[in-house]
file data-v1.cif (mmCIF, C-alpha atoms)
data_run
#
loop_
_atom_site.label_atom_id
_atom_site.label_comp_id
_atom_site.auth_asym_id
_atom_site.auth_seq_id
_atom_site.Cartn_x
_atom_site.Cartn_y
_atom_site.Cartn_z
CA MET A 1 29.17 0.61 5.26
CA THR A 2 26.87 -2.38 5.62
CA GLY A 3 23.25 -2.23 4.62
CA VAL A 4 20.08 -3.15 6.49
CA HIS A 5 17.94 -6.25 6.71
CA ILE A 6 15.55 -6.50 3.78
CA ASN A 7 11.98 -6.28 5.00
CA GLN A 8 9.71 -9.17 4.09
CA LEU A 9 7.18 -6.84 2.48
CA CYS A 10 9.82 -5.79 -0.06
CA THR A 11 10.34 -9.43 -0.97
CA ILE A 12 6.58 -9.88 -1.37
CA GLY A 13 6.40 -6.79 -3.58
CA LEU A 14 9.20 -7.95 -5.87
CA ALA A 15 7.68 -11.43 -6.07
CA GLY A 16 4.37 -9.81 -6.97
CA TYR A 17 6.08 -7.93 -9.79
CA ALA A 18 7.58 -11.15 -11.14
CA VAL A 19 4.33 -13.11 -10.95
CA ALA A 20 2.34 -10.27 -12.53
CA LEU A 21 4.77 -9.95 -15.43
CA SER A 22 4.73 -13.71 -15.97
CA LEU A 23 0.95 -13.74 -16.16
CA MET A 24 0.86 -10.80 -18.54
CA ILE A 25 3.47 -12.36 -20.85
CA VAL A 26 1.59 -15.66 -20.87
CA GLY A 27 -1.61 -13.83 -21.71
CA VAL A 28 -0.11 -11.95 -24.64
CA ALA A 29 1.84 -14.93 -26.01
CA THR A 30 -0.96 -17.52 -25.95
CA THR A 31 -3.91 -17.77 -28.30
CA ASP A 32 -6.84 -18.48 -25.98
CA TRP A 33 -8.27 -15.00 -25.66
CA VAL A 34 -11.43 -16.22 -27.38
CA VAL A 35 -12.40 -19.88 -27.64
CA ILE A 36 -14.70 -20.65 -30.60
CA SER A 37 -16.91 -23.67 -31.18
CA TYR A 38 -18.87 -22.38 -34.20
CA LYS A 39 -18.43 -24.44 -37.41
CA TYR A 40 -14.93 -25.31 -36.28
CA VAL A 41 -13.27 -25.55 -32.91
CA GLY A 42 -10.42 -23.13 -32.39
CA SER A 43 -9.08 -20.15 -30.49
CA VAL A 44 -8.01 -16.61 -31.19
CA GLY A 45 -5.23 -14.60 -29.56
CA LEU A 46 -3.91 -11.09 -29.96
CA PHE A 47 -1.65 -11.95 -32.89
CA LYS A 48 -2.84 -15.25 -34.38
CA ALA A 49 -5.73 -17.71 -34.57
CA CYS A 50 -5.41 -21.48 -34.25
CA THR A 51 -7.60 -24.47 -35.02
CA SER A 52 -8.03 -27.48 -32.76
CA SER A 53 -5.57 -29.39 -34.97
CA GLY A 54 -2.84 -26.86 -34.13
CA ILE A 55 -2.79 -24.99 -37.42
CA CYS A 56 -2.24 -21.28 -36.74
CA ARG A 57 -2.20 -18.20 -38.91
CA ALA A 58 -1.54 -14.53 -38.32
CA ILE A 59 -4.45 -12.18 -37.70
CA THR A 60 -5.06 -9.11 -39.78
CA ALA A 61 -5.60 -6.68 -36.93
CA ASN A 62 -7.97 -3.76 -37.18
CA SER A 63 -7.33 -0.47 -35.41
CA THR A 64 -9.02 -1.60 -32.18
CA LEU A 65 -7.03 -4.81 -31.91
CA THR A 66 -3.85 -2.91 -32.73
CA ASN A 67 -4.53 -0.57 -29.80
CA VAL A 68 -5.09 -3.55 -27.50
CA GLN A 69 -1.79 -5.08 -28.62
CA ALA A 70 0.05 -1.82 -27.99
CA LEU A 71 -1.50 -1.31 -24.55
CA CYS A 72 -0.75 -4.85 -23.35
CA ILE A 73 2.86 -4.77 -24.58
CA SER A 74 3.38 -1.30 -23.07
CA GLY A 75 2.10 -2.58 -19.75
CA ILE A 76 4.64 -5.40 -19.77
CA VAL A 77 7.50 -3.01 -20.61
CA LEU A 78 6.51 -0.59 -17.83
CA GLY A 79 6.10 -3.45 -15.37
CA PHE A 80 9.59 -4.71 -16.20
CA LEU A 81 10.95 -1.20 -15.66
CA GLY A 82 9.20 -1.02 -12.28
CA LEU A 83 10.74 -4.36 -11.31
CA CYS A 84 14.22 -3.10 -12.26
CA LEU A 85 13.75 0.04 -10.14
CA GLY A 86 12.63 -2.09 -7.18
CA LEU A 87 15.63 -4.37 -7.55
CA GLY A 88 17.85 -1.29 -7.71
CA PHE A 89 16.51 -0.10 -4.36
CA ILE A 90 17.12 -3.50 -2.77
CA ALA A 91 20.63 -3.74 -4.22
CA ARG A 92 21.48 -0.31 -2.81
CA ALA A 93 19.91 -1.11 0.58
CA VAL A 94 22.06 -4.24 0.91
CA LYS A 95 25.22 -2.15 0.53
CA GLN A 96 24.14 1.05 2.27
CA PRO A 97 21.18 1.84 4.56
CA PRO A 98 18.45 3.60 2.55
CA GLN A 99 17.80 7.24 3.33
CA THR A 100 15.09 8.05 0.78
CA LYS A 101 12.31 6.21 -1.06
CA GLY A 102 12.88 7.79 -4.45
CA LEU A 103 13.50 4.53 -6.30
CA VAL A 104 10.58 2.83 -4.57
CA ILE A 105 8.17 5.65 -5.40
CA ALA A 106 9.36 5.60 -9.01
CA SER A 107 8.94 1.82 -9.12
CA LEU A 108 5.44 2.05 -7.64
CA THR A 109 4.40 4.77 -10.09
CA VAL A 110 5.76 3.08 -13.20
CA SER A 111 4.36 -0.34 -12.31
CA PHE A 112 0.95 1.08 -11.47
CA ILE A 113 0.80 2.89 -14.81
CA GLY A 114 1.90 -0.31 -16.54
CA GLY A 115 -0.75 -2.40 -14.83
CA LEU A 116 -3.41 0.21 -15.56
CA THR A 117 -2.35 0.40 -19.21
CA SER A 118 -2.64 -3.35 -19.67
CA PHE A 119 -5.91 -3.42 -17.76
CA VAL A 120 -7.40 -0.81 -20.09
CA GLY A 121 -6.26 -2.89 -23.05
CA ASP A 122 -8.01 -5.95 -21.61
CA LEU A 123 -11.21 -3.98 -21.13
CA ILE A 124 -11.12 -2.67 -24.68
CA TYR A 125 -10.69 -6.22 -25.94
CA GLU A 126 -13.70 -7.43 -23.95
CA VAL A 127 -15.93 -4.50 -24.94
CA ASP A 128 -14.95 -3.85 -28.57
CA VAL A 129 -13.11 -6.87 -29.98
CA TYR A 130 -15.15 -9.59 -28.26
CA SER A 131 -18.49 -8.11 -29.26
CA ILE A 132 -21.47 -8.90 -31.45
CA SER A 133 -20.75 -5.95 -33.74
CA ASN A 134 -17.22 -7.19 -34.40
CA MET A 135 -17.75 -10.96 -34.47
CA GLY A 136 -21.33 -11.35 -35.64
CA VAL A 137 -24.23 -12.87 -33.75
CA ASP A 138 -23.59 -16.53 -34.59
CA LEU A 139 -19.87 -16.44 -33.87
CA TYR A 140 -20.37 -14.41 -30.69
CA LEU A 141 -22.96 -16.83 -29.29
CA GLU A 142 -20.71 -19.84 -29.97
CA SER A 143 -17.58 -18.38 -28.36
CA SER A 144 -16.32 -17.39 -24.95
CA LEU A 145 -13.37 -15.60 -23.39
CA GLY A 146 -10.48 -17.95 -22.69
CA TYR A 147 -7.75 -18.31 -20.10
CA SER A 148 -5.34 -15.99 -21.93
CA PHE A 149 -7.65 -13.06 -21.31
CA ALA A 150 -8.10 -14.09 -17.67
CA VAL A 151 -4.40 -14.38 -16.86
CA SER A 152 -3.65 -11.08 -18.60
CA MET A 153 -6.34 -9.37 -16.54
CA ALA A 154 -5.09 -10.97 -13.31
CA GLY A 155 -1.51 -9.95 -14.06
CA SER A 156 -2.55 -6.36 -14.72
CA ILE A 157 -4.37 -6.09 -11.39
CA LEU A 158 -1.51 -7.73 -9.48
CA LEU A 159 1.02 -5.38 -11.08
CA MET A 160 -0.96 -2.36 -9.84
CA MET A 161 -1.00 -3.76 -6.29
CA ALA A 162 2.52 -5.17 -5.91
CA GLY A 163 4.25 -1.81 -5.62
CA SER A 164 2.36 -0.93 -2.43
CA PHE A 165 4.04 -3.85 -0.61
CA LEU A 166 7.45 -2.62 -1.74
CA LEU A 167 6.66 0.89 -0.48
CA GLN A 168 5.52 -0.34 2.94
CA GLY A 169 8.63 -2.49 3.26
CA ALA A 170 10.86 0.44 2.36
CA ASN A 171 9.15 2.61 5.00
CA ARG A 172 9.83 -0.01 7.67
CA MET A 173 13.44 -0.41 6.60
CA ILE A 174 14.11 3.33 6.77
CA THR A 175 12.35 3.61 10.15
CA ALA A 176 14.27 0.64 11.57
CA HIS A 177 17.57 2.15 10.47
CA ALA A 178 16.67 5.51 12.07
CA ILE A 179 15.89 3.78 15.38
CA GLN A 180 19.18 1.89 15.26
CA GLN A 181 21.04 5.16 14.71
CA VAL A 182 19.34 6.74 17.73
CA MET A 183 20.07 3.73 19.94
CA ALA A 184 23.70 3.75 18.84
CA GLY A 185 24.00 7.43 19.76
CA ASN A 186 24.68 8.51 16.19
CA ALA A 187 21.51 10.56 15.90
CA SER A 188 19.02 12.42 18.08
CA PRO A 189 15.29 11.81 18.20
CA PRO A 190 13.12 14.30 16.35
CA PRO A 191 12.29 17.49 18.32
CA GLY A 192 9.17 17.31 20.42
CA VAL A 193 9.43 13.58 21.15
CA VAL A 194 8.46 12.82 24.78
CA PHE A 195 9.25 9.42 26.29
CA HIS A 196 6.91 7.87 28.88
CA SER A 197 9.82 5.99 30.44
CA SER A 198 12.71 7.68 32.25
CA SER A 199 15.07 4.91 31.16
CA ALA A 200 14.03 5.37 27.52
CA ALA A 201 14.51 9.11 27.83
CA ALA A 202 17.99 8.59 29.23
CA LEU A 203 18.81 6.09 26.50
CA TYR A 204 17.57 8.17 23.58
CA GLY A 205 18.44 11.59 24.95
CA GLY A 206 14.87 12.85 25.09
CA GLN A 207 12.74 14.42 27.82
CA PRO A 208 10.84 12.15 30.25
CA TYR A 209 7.08 12.43 30.52
CA GLN A 210 5.99 14.61 33.47
CA PRO A 211 2.42 13.90 34.64
CA GLN A 212 0.32 16.84 35.75
CA MET A 213 -0.05 17.17 39.53
CA LEU A 214 -3.11 18.22 41.50
CA ALA A 215 -2.38 20.12 44.72
CA VAL A 216 -4.47 19.01 47.73
CA GLY A 217 -3.37 20.73 50.89
CA GLN A 218 0.33 20.10 51.33
CA GLN A 219 0.42 17.00 49.12
CA TYR A 220 0.35 16.39 45.36
CA TYR A 221 -1.61 13.71 43.55
CA PRO A 222 -1.65 12.76 39.86
CA ALA A 223 -4.38 14.72 38.12
CA PRO A 224 -7.10 12.33 36.90
CA GLN A 225 -7.81 12.17 33.19
CA PHE A 226 -11.37 12.84 32.03
CA VAL A 227 -13.02 12.19 28.70
CA GLY A 228 -15.93 14.32 27.59
CA PRO A 229 -17.04 17.92 28.02
CA PRO A 230 -16.40 19.66 31.38
CA GLN A 231 -19.19 20.11 33.89
CA TYR A 232 -20.10 23.57 35.20
CA GLU A 233 -21.45 24.88 38.49
CA GLN A 234 -24.77 26.68 38.46
CA GLN A 235 -24.13 30.41 38.97
CA PRO A 236 -26.59 33.30 39.46
CA PHE A 237 -28.13 34.73 36.32
CA GLY A 238 -25.56 36.74 34.38
CA ALA A 239 -22.54 35.35 36.25
CA PRO A 240 -19.93 33.34 34.31
CA GLN A 241 -20.20 29.56 34.50
CA LEU A 242 -17.13 28.24 36.32
CA PRO A 243 -15.87 24.70 35.70
CA ILE A 244 -16.08 22.27 38.60
CA PRO A 245 -12.54 21.36 39.70
CA PRO A 246 -11.73 17.69 38.99
CA PRO A 247 -12.15 15.46 42.03
CA TYR A 248 -9.27 13.52 43.47
CA THR A 249 -9.15 10.06 44.96
CA GLU A 250 -8.39 10.12 48.67
CA HIS A 251 -6.85 6.66 48.82
CA GLN A 252 -4.13 7.58 46.30
CA GLU A 253 -0.65 7.70 47.72
CA PRO A 254 0.98 11.14 47.43
CA ILE A 255 3.78 11.51 44.95
CA HIS A 256 5.74 13.95 47.11
CA GLN A 257 5.08 16.51 49.79
CA LYS A 258 5.52 20.23 49.39
CA HIS A 259 8.14 21.59 51.76
#
call {"tool": "encode", "arguments": {"input": "data-v1.cif", "output": "structure tokens"}}
result
Amino acid sequence: MTGVHINQLCTIGLAGYAVALSLMIVGVATTDWVVISYKYVGSVGLFKACTSSGICRAITANSTLTNVQALCISGIVLGFLGLCLGLGFIARAVKQPPQTKGLVIASLTVSFIGGLTSFVGDLIYEVDVYSISNMGVDLYLESSLGYSFAVSMAGSILLMMAGSFLLQGANRMITAHAIQQVMAGNASPPPGVVFHSSSAAALYGGQPYQPQMLAVGQQYYPAPQFVGPPQYEQQPFGAPQLPIPPPYTEHQEPIHQKH
């Protein structure tokens, strides 16, 4: 059995996964989380600090920085898992039309948790690690957050959003396949579906739309549609208020005559 055409939104979602993971990896691997110009020019990353001359050394991480490292790496791992689940859905859809969105929902959930995890790690770094209490007043005033922090934050946000595109694309693919099955006569429309076209009803096997008729003498006219509350005739005190019957247009051509 052949699969279905891959919706463009699915491609956008998978590309978003890839870009988000790339940004997050670049953020964790580079050393420009904090750029320092106090006494010496250099930069600090999650795992090492470097001088402007390129000399780097490992950082002795405290408990807060260790938590940030763990959160950012966990976010990357979960994002990669979400990407694999999304690719699995696409690979299956190419071979066989998708019937469920289980893989897509799992991919969306895992990637969102991964992006949120990394985002929390970035926030902890900004609030606790890059702070006056941790760095000291002089060092804090002569430093600033660098591009590594920015790209990690951007990747985390993109990873949380990318899965929604994949889910929307999967919905359209499943709907398109269901319509193709109905048109091919391999399936029936859901119960209760009413078609406003007789030709469409004949094609899909449904019931045509029957407009309500208004009897006027021996002829029938389409009942006009009104929006708003009904109007009532004034009745004597204590009598029930009866609705005014809807007017009809005299110049309308009759649909058929009553025999």
call {"tool": "residues_around", "arguments": {"input": "data-v1.cif", "residues": "Asn7 (chain A)", "least_positions_apart": "6", "cutoff": "8 Å", "atoms": "all atoms listed in the file", "output": "list in words"}}
result
Gly169, Ala170, Arg172 and Met173 of chain A
call {"tool": "write_last_selection", "arguments": {"input": "data-v1.cif", "atoms": "C-alpha atoms", "output": "compact mmCIF listing (two decimals), in the coordinates of the input"}}
result
# COMPACT_ATOMS: atom_id res chain seq x y z
CA GLY A 169 8.63 -2.49 3.26
CA ALA A 170 10.86 0.44 2.36
CA ARG A 172 9.83 -0.01 7.67
CA MET A 173 13.44 -0.41 6.60
call {"tool": "closest_residue", "arguments": {"input": "data-v1.cif", "among": "A:Ala20, A:Val120, A:Ala162, A:Leu145", "to": "Asp32 (chain A)", "atoms": "all atoms listed in the file"}}
result
A:Leu145
call {"tool": "residues_near_point", "arguments": {"input": "data-v1.cif", "point": "(-1.3, -8.5, -13.9)", "cutoff": "10 Å", "atoms": "all atoms listed in the file", "output": "VMD selection string"}}
result
chain A and resid 16 to 25 27 75 to 76 79 114 to 116 118 to 119 150 to 162
call {"tool": "closest_residue", "arguments": {"input": "data-v1.cif", "among": "A:His177, A:Gly42, A:Gln8, A:Ser74", "to": "Gln99 (chain A)", "atoms": "all atoms listed in the file"}}
result
A:His177
call {"tool": "resolve_selection", "arguments": {"input": "data-v1.cif", "expression": "the PyMOL selection byres ((chain A and resi 68) around 10)", "output": "ChimeraX atom specification"}}
result
/A:46,61,63-67,69-74,117-125,128-129
call {"tool": "resolve_selection", "arguments": {"input": "data-v1.cif", "expression": "the PyMOL selection byres ((chain A and resi 59) around 7)", "output": "list in words"}}
result
Phe47, Lys48, Ala49, Arg57, Ala58, Thr60 and Ala61 of chain A
call {"tool": "atom_distance", "arguments": {"input": "data-v1.cif", "atom1": "CA of Ser164 (chain A)", "atom2": "CA of Leu83 (chain A)"}}
result
12.7 Å
call {"tool": "closest_residue", "arguments": {"input": "data-v1.cif", "among": "A:Ala93, A:Tyr140, A:Gly88, A:Ala178", "to": "Ala106 (chain A)", "atoms": "all atoms listed in the file"}}
result
A:Gly88
call {"tool": "resolve_selection", "arguments": {"input": "data-v1.cif", "expression": "the PyMOL selection byres ((chain A and resi 35) around 12)", "output": "PyMOL selection string"}}
result
chain A and resi 30-34+36-38+40-45+49-52+130+139-149
call {"tool": "write_last_selection", "arguments": {"input": "data-v1.cif", "atoms": "C-alpha atoms", "output": "mmCIF file, in the frame of the given file"}}
result
data_model
loop_
_atom_site.group_PDB
_atom_site.id
_atom_site.type_symbol
_atom_site.label_atom_id
_atom_site.label_comp_id
_atom_site.auth_asym_id
_atom_site.auth_seq_id
_atom_site.Cartn_x
_atom_site.Cartn_y
_atom_site.Cartn_z
ATOM 1 C CA THR A 30 -0.960 -17.520 -25.950
ATOM 2 C CA THR A 31 -3.910 -17.770 -28.300
ATOM 3 C CA ASP A 32 -6.840 -18.480 -25.980
ATOM 4 C CA TRP A 33 -8.270 -15.000 -25.660
ATOM 5 C CA VAL A 34 -11.430 -16.220 -27.380
ATOM 6 C CA ILE A 36 -14.700 -20.650 -30.600
ATOM 7 C CA SER A 37 -16.910 -23.670 -31.180
ATOM 8 C CA TYR A 38 -18.870 -22.380 -34.200
ATOM 9 C CA TYR A 40 -14.930 -25.310 -36.280
ATOM 10 C CA VAL A 41 -13.270 -25.550 -32.910
ATOM 11 C CA GLY A 42 -10.420 -23.130 -32.390
ATOM 12 C CA SER A 43 -9.080 -20.150 -30.490
ATOM 13 C CA VAL A 44 -8.010 -16.610 -31.190
ATOM 14 C CA GLY A 45 -5.230 -14.600 -29.560
ATOM 15 C CA ALA A 49 -5.730 -17.710 -34.570
ATOM 16 C CA CYS A 50 -5.410 -21.480 -34.250
ATOM 17 C CA THR A 51 -7.600 -24.470 -35.020
ATOM 18 C CA SER A 52 -8.030 -27.480 -32.760
ATOM 19 C CA TYR A 130 -15.150 -9.590 -28.260
ATOM 20 C CA LEU A 139 -19.870 -16.440 -33.870
ATOM 21 C CA TYR A 140 -20.370 -14.410 -30.690
ATOM 22 C CA LEU A 141 -22.960 -16.830 -29.290
ATOM 23 C CA GLU A 142 -20.710 -19.840 -29.970
ATOM 24 C CA SER A 143 -17.580 -18.380 -28.360
ATOM 25 C CA SER A 144 -16.320 -17.390 -24.950
ATOM 26 C CA LEU A 145 -13.370 -15.600 -23.390
ATOM 27 C CA GLY A 146 -10.480 -17.950 -22.690
ATOM 28 C CA TYR A 147 -7.750 -18.310 -20.100
ATOM 29 C CA SER A 148 -5.340 -15.990 -21.930
ATOM 30 C CA PHE A 149 -7.650 -13.060 -21.310
#
call {"tool": "atom_distance", "arguments": {"input": "data-v1.cif", "atom1": "CA of Ile90 (chain A)", "atom2": "CA of Leu108 (chain A)"}}
result
13.8 Å
call {"tool": "atom_distance", "arguments": {"input": "data-v1.cif", "atom1": "CA of Lys101 (chain A)", "atom2": "CA of Met183 (chain A)"}}
result
22.5 Å
call {"tool": "closest_residue", "arguments": {"input": "data-v1.cif", "among": "A:Gln180, A:Ser131, A:Ser107, A:Ser53", "to": "Leu14 (chain A)", "atoms": "only C-alpha atoms"}}
result
A:Ser107
